[in-house]
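I have placed the structure first, in the form of structure tokens, so that the comments after it can refer back to it.
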Amino acid sequence: MGKKYVIGVDLGGTKILTALADLEGQILQRVRVETGANEPAEQVVRRINTTVEQVLNEAQVSKDDVLRIGVGSPGPLNIKEGIVLFTPNLKWNNVPIVKMMSDALGLPVLLENDANAAALAEHAFGAGKGSSNMIYMTISTGIGGGVIINNQILHGFSESAGEIGHHTIMADGPVCGCGNRGCLEALASGTALGRYGREAVERGVDTLIGEMVEKIEDIDGSVVTRAAQEGDRVALEIVDKVANYIGIGIANMINIFNPEKIVLGGGVTKAGELFIDRILQTVEERALEAPRKLCEITFSKLGSDVGVLGAIAVALK
């Protein structure tokens with residue numbers, strides 16, 4: 001009898017989501033637990049292993065029927081060696097997660113960057129299905145993504161390719177969390193959206209944004225988005241600015257990678273109708289005509305399951 005199942009583990013700073021799937025990527029059982037990010041790495045990995053055992057037990061599936069486990073983790077990573085080199089949300093340094101899991105569980109384990117895994121999910125199961133060259137771009141607290149060229153994820157020489165959020169859009173722009181100035185992430189993420197809202201309220205402009213919170217520090221991207229949805233002029237101007245920066249970033253990616261599809265995901269895109277027209281306008285103004293006309297810009301179809309489906313896609317590949 002051949003192997004019938006794979007397991008995907010979406011490792012995040014707040015939660016671990018583990019799922020059992022068949023070889024078509026259909027999720028059959030899932031377990032979600034808190035990560036315990038402040039605990040030692042060994043304890044978190046033991047918790048991951050427990051979730052793997054739990055999905056197997058709940059589905060009444062034997063390990064003998066499992067092909068392998070895929071893990072999507074924040075990075076940077078050494079994918080070949082299966083090591084999480086560093087991840088600030090977990091405070092990990094050089095954690096050999098693949099060996100720790102495979103030794104404990106007796107199953108093969110593959111590691112992938114979480115953004116790359118999400119790109120693989122959209123490529124295999126979501127809005128990018130059927131394309132050979134696509135880019136997945138997630139816009140939430142930060143901006144990340146993955147690049148697929150000829151059906152293969154682009155890792156780069158040191159496995160750090162695809163850092164979409166950290167190409168420079170404005171040479172003298174705001175400082176990014178990475179230390180650079182004017183990164184796309186610093187200008188167009190959910191964090192930037194909230195920062196623009198706080199700055200507007202601090203300047204004393206007439207806007208609903210400040211009325212929606214008790215104190216200025218509570219203004220985040222979702223508050224600005226809600227104000228824009230209610231027709232607030234200042235919030236709409238902020239959304240337009242952010243959408244313009246996103247459009248510049250997408251135009252750059254079209255010019256560099258010539259993808260068939262660009263798939264947008266993440267929390268900011270939940271209000272996609274506010275952003276999409278301005279994004280498309282900017283792309284039309286800035287991208288080279290030939291590759292632009294052949295590139296479809298669309299939204300993720302996988303929603304909150306994109307992470308765990310990405311880990312499943314890693315296991316299947």
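Each chain of the structure tokens is named A, B, ... in the order shown, its residues numbered from 1; ligands are numbered from 1 in display order.
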Can you pull out the residues contacting range 171-183 of chain A? Cut-off 10 Å, using only C-alpha atoms, and skip same-chain residues under 5 positions away; I want them as a count of residues only. 10
Extract, using only C-alpha atoms, all DNA, RNA and protein residues at most 12 Å from range 77-93 of chain A, discarding same-chain residues fewer than 5 positions from it, and format them as a PyMOL selection string. chain A and resi 11-16+35-45+70-72+98-102+108-116+155-161+177-178+314
Would you save the residues of that selection, restricted to C-alpha atoms, as a short mmCIF file (atom, residue, chain, number, x, y, z; two decimals), in the first residue's frame?
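Writing done, so here's result20.cif:
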data_model
loop_
_atom_site.label_atom_id
_atom_site.label_comp_id
_atom_site.auth_asym_id
_atom_site.auth_seq_id
_atom_site.Cartn_x
_atom_site.Cartn_y
_atom_site.Cartn_z
CA LEU A 11 4.27 27.68 12.76
CA GLY A 12 3.54 31.25 13.79
CA GLY A 13 4.38 33.61 16.61
CA THR A 14 0.97 33.16 18.24
CA LYS A 15 -0.37 29.83 17.00
CA ILE A 16 0.58 26.41 15.67
CA THR A 35 2.64 28.64 20.24
CA GLY A 36 4.03 29.71 23.61
CA ALA A 37 6.52 31.96 21.87
CA ASN A 38 8.34 32.90 25.06
CA GLU A 39 9.10 29.30 25.94
CA PRO A 40 12.36 27.54 24.95
CA ALA A 41 12.51 26.20 21.40
CA GLU A 42 12.65 22.60 22.64
CA GLN A 43 9.33 23.03 24.39
CA VAL A 44 7.67 24.61 21.35
CA VAL A 45 8.92 21.81 19.09
CA GLY A 70 5.84 20.01 5.73
CA VAL A 71 6.60 22.92 8.04
CA GLY A 72 6.08 26.58 7.17
CA VAL A 98 13.70 19.18 11.07
CA LYS A 99 16.00 16.86 13.01
CA MET A 100 14.14 17.49 16.27
CA MET A 101 10.80 16.63 14.66
CA SER A 102 11.92 13.70 12.53
CA PRO A 108 10.49 12.77 7.03
CA VAL A 109 10.15 16.54 7.53
CA LEU A 110 10.62 19.38 5.02
CA LEU A 111 11.09 23.02 6.07
CA GLU A 112 10.08 26.10 4.07
CA ASN A 113 9.80 29.83 4.68
CA ASP A 114 6.18 30.62 5.60
CA ALA A 115 5.72 33.21 2.84
CA ASN A 116 7.16 30.84 0.25
CA HIS A 155 15.03 30.50 -3.16
CA GLY A 156 18.12 32.37 -4.33
CA PHE A 157 21.76 31.61 -3.55
CA SER A 158 21.40 31.87 0.24
CA GLU A 159 17.68 30.95 0.32
CA SER A 160 16.60 34.54 1.01
CA ALA A 161 14.98 35.46 -2.32
CA GLY A 177 12.05 47.34 10.63
CA CYS A 178 14.84 45.78 8.58
CA VAL A 314 5.58 21.76 0.83
#
I need the strand (DSSP E or B) residues of range 84-293 of chain A per DSSP on the backbone, written as a ChimeraX atom specification. /A:84-87,92-95,109-113,134-139,143-149,152-153,168,175,181,183,261-265
Just the selected residues (N, CA and C atoms), exported as a CSV table (one decimal), in the first residue's frame, please.
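See out19.csv below for the written result:
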chain,number,residue,atom,x,y,z
A,84,VAL,N,16.0,26.6,11.6
A,84,VAL,CA,15.5,28.0,11.7
A,84,VAL,C,16.7,28.8,12.3
A,85,LEU,N,17.2,29.7,11.5
A,85,LEU,CA,18.4,30.4,11.8
A,85,LEU,C,18.1,31.5,12.9
A,86,PHE,N,17.0,32.2,12.6
A,86,PHE,CA,16.6,33.3,13.5
A,86,PHE,C,15.1,33.6,13.2
A,87,THR,N,14.3,33.9,14.2
A,87,THR,CA,13.0,34.4,14.0
A,87,THR,C,12.6,35.2,15.3
A,92,TRP,N,14.1,32.5,18.4
A,92,TRP,CA,14.9,31.3,18.1
A,92,TRP,C,16.2,31.6,17.4
A,93,ASN,N,17.3,30.9,17.7
A,93,ASN,CA,18.5,31.0,17.0
A,93,ASN,C,19.1,29.6,16.7
A,94,ASN,N,19.3,29.3,15.4
A,94,ASN,CA,19.9,28.0,15.0
A,94,ASN,C,19.2,26.8,15.6
A,95,VAL,N,17.9,26.7,15.4
A,95,VAL,CA,17.1,25.6,16.0
A,95,VAL,C,17.0,24.5,14.9
A,109,VAL,N,10.6,15.2,7.3
A,109,VAL,CA,10.1,16.5,7.5
A,109,VAL,C,10.8,17.5,6.5
A,110,LEU,N,10.1,18.4,5.9
A,110,LEU,CA,10.6,19.4,5.0
A,110,LEU,C,10.3,20.8,5.6
A,111,LEU,N,11.2,21.7,5.5
A,111,LEU,CA,11.1,23.0,6.1
A,111,LEU,C,11.0,24.0,4.9
A,112,GLU,N,10.2,25.0,5.1
A,112,GLU,CA,10.1,26.1,4.1
A,112,GLU,C,9.7,27.4,4.8
A,113,ASN,N,10.2,28.5,4.2
A,113,ASN,CA,9.8,29.8,4.7
A,113,ASN,C,8.3,30.0,4.6
A,134,MET,N,4.3,32.9,-11.1
A,134,MET,CA,3.4,33.7,-10.3
A,134,MET,C,4.1,34.3,-9.1
A,135,ILE,N,3.5,35.3,-8.5
A,135,ILE,CA,4.1,35.9,-7.3
A,135,ILE,C,2.9,36.0,-6.3
A,136,TYR,N,3.2,35.6,-5.1
A,136,TYR,CA,2.2,35.8,-4.0
A,136,TYR,C,2.8,36.9,-3.1
A,137,MET,N,1.9,37.9,-2.8
A,137,MET,CA,2.3,39.0,-2.0
A,137,MET,C,1.3,39.2,-0.9
A,138,THR,N,1.7,39.1,0.4
A,138,THR,CA,0.9,39.2,1.5
A,138,THR,C,1.1,40.5,2.2
A,139,ILE,N,0.0,41.2,2.4
A,139,ILE,CA,0.1,42.6,3.0
A,139,ILE,C,-0.7,42.6,4.3
A,143,ILE,N,5.0,43.1,4.9
A,143,ILE,CA,4.7,42.7,3.6
A,143,ILE,C,5.7,41.6,3.2
A,144,GLY,N,5.2,40.5,2.8
A,144,GLY,CA,6.1,39.4,2.4
A,144,GLY,C,5.6,38.7,1.1
A,145,GLY,N,6.2,37.6,0.8
A,145,GLY,CA,5.7,36.9,-0.4
A,145,GLY,C,6.6,35.8,-0.9
A,146,GLY,N,6.3,35.3,-2.0
A,146,GLY,CA,7.1,34.3,-2.6
A,146,GLY,C,7.0,34.4,-4.1
A,147,VAL,N,8.0,34.0,-4.8
A,147,VAL,CA,8.1,34.1,-6.3
A,147,VAL,C,8.3,32.6,-6.8
A,148,ILE,N,7.4,32.3,-7.7
A,148,ILE,CA,7.4,31.0,-8.4
A,148,ILE,C,7.8,31.2,-9.9
A,149,ILE,N,8.9,30.6,-10.3
A,149,ILE,CA,9.4,30.7,-11.7
A,149,ILE,C,9.4,29.3,-12.2
A,152,GLN,N,8.6,26.5,-9.9
A,152,GLN,CA,9.5,26.2,-8.7
A,152,GLN,C,9.6,27.5,-7.9
A,153,ILE,N,9.6,27.4,-6.6
A,153,ILE,CA,9.8,28.5,-5.7
A,153,ILE,C,11.2,29.0,-5.9
A,168,THR,N,13.3,48.9,-2.2
A,168,THR,CA,13.2,50.3,-1.9
A,168,THR,C,12.3,51.0,-2.8
A,175,VAL,N,12.1,54.8,8.1
A,175,VAL,CA,13.0,53.6,8.5
A,175,VAL,C,12.1,52.4,8.6
A,181,ARG,N,15.7,52.2,4.6
A,181,ARG,CA,14.8,53.3,4.5
A,181,ARG,C,13.9,53.1,3.2
A,183,CYS,N,11.5,51.1,2.4
A,183,CYS,CA,11.0,49.8,1.9
A,183,CYS,C,9.5,49.8,1.6
A,261,LYS,N,0.6,35.7,-13.1
A,261,LYS,CA,-0.3,36.1,-12.1
A,261,LYS,C,0.4,36.7,-10.9
A,262,ILE,N,-0.2,37.7,-10.3
A,262,ILE,CA,0.2,38.2,-8.9
A,262,ILE,C,-1.0,38.1,-8.0
A,263,VAL,N,-0.8,37.3,-7.0
A,263,VAL,CA,-1.9,37.0,-6.0
A,263,VAL,C,-1.7,37.8,-4.7
A,264,LEU,N,-2.7,38.6,-4.3
A,264,LEU,CA,-2.6,39.4,-3.2
A,264,LEU,C,-3.3,38.8,-2.0
A,265,GLY,N,-2.7,38.7,-0.9
A,265,GLY,CA,-3.3,38.1,0.3
A,265,GLY,C,-2.9,39.0,1.5
For range 278-289 of chain A, list every protein, DNA or RNA residue within 7 Å, evaluated using only C-alpha atoms, and leave out those in the same chain fewer than 4 positions away; present the list as a list in words.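 Everything that qualifies: Asp240, Ala243, Asn244, Ile246, Gly247, Ile248, Ile250, Ala251, Asn252, Ile254, Asn255 and Lys293 of chain A.
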Skipping near chain neighbours, those fewer than 6 positions away, what residues fall within 12 Å of Val52 in chain A using only C-alpha atoms, listed as a ChimeraX atom specification? /A:6-10,16-21,29-33,45-46,58-59,61-63,66,68-71,101-102,104-107,109
Compile the contact shell of Arg198 in chain A as a PyMOL selection string: residues with an atom at most 7 Å away, counting only C-alpha atoms, same-chain residues fewer than 4 positions apart removed. chain A and resi 194+202+216+219
Neighbour list for Asp64 in chain A as a count of residues only, cut-off 10 Å, only C-alpha atoms, skip fewer than 6 positions in-chain: 7
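With only C-alpha atoms as the atoms that count, the minimum distance from Gly272 in chain A to the choices A:Thr225, A:Asn150, A:Glu237, A:Pro291 is reached by A:Thr225.
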Give me, as a PyMOL selection string, the residues of range 107-256 of chain A that a backbone DSSP run labels helix (DSSP H, G or I). chain A and resi 114-125+164-166+184-188+190-202+209-212+216-218+221-229+233-256
Quick one: of A:Ile27, A:Pro96, A:Asn151, A:Ile48, who's nearest to His123 in chain A, counting only C-alpha atoms?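 The answer is A:Asn151, which sits nearest to His123 in chain A.
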Taking into account only C-alpha atoms, which residue in the set A:Lys241, A:Arg47, A:Arg195, A:Arg203 is nearest to Val223 in chain A?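 Closest residue, counting only C-alpha atoms: A:Arg195.
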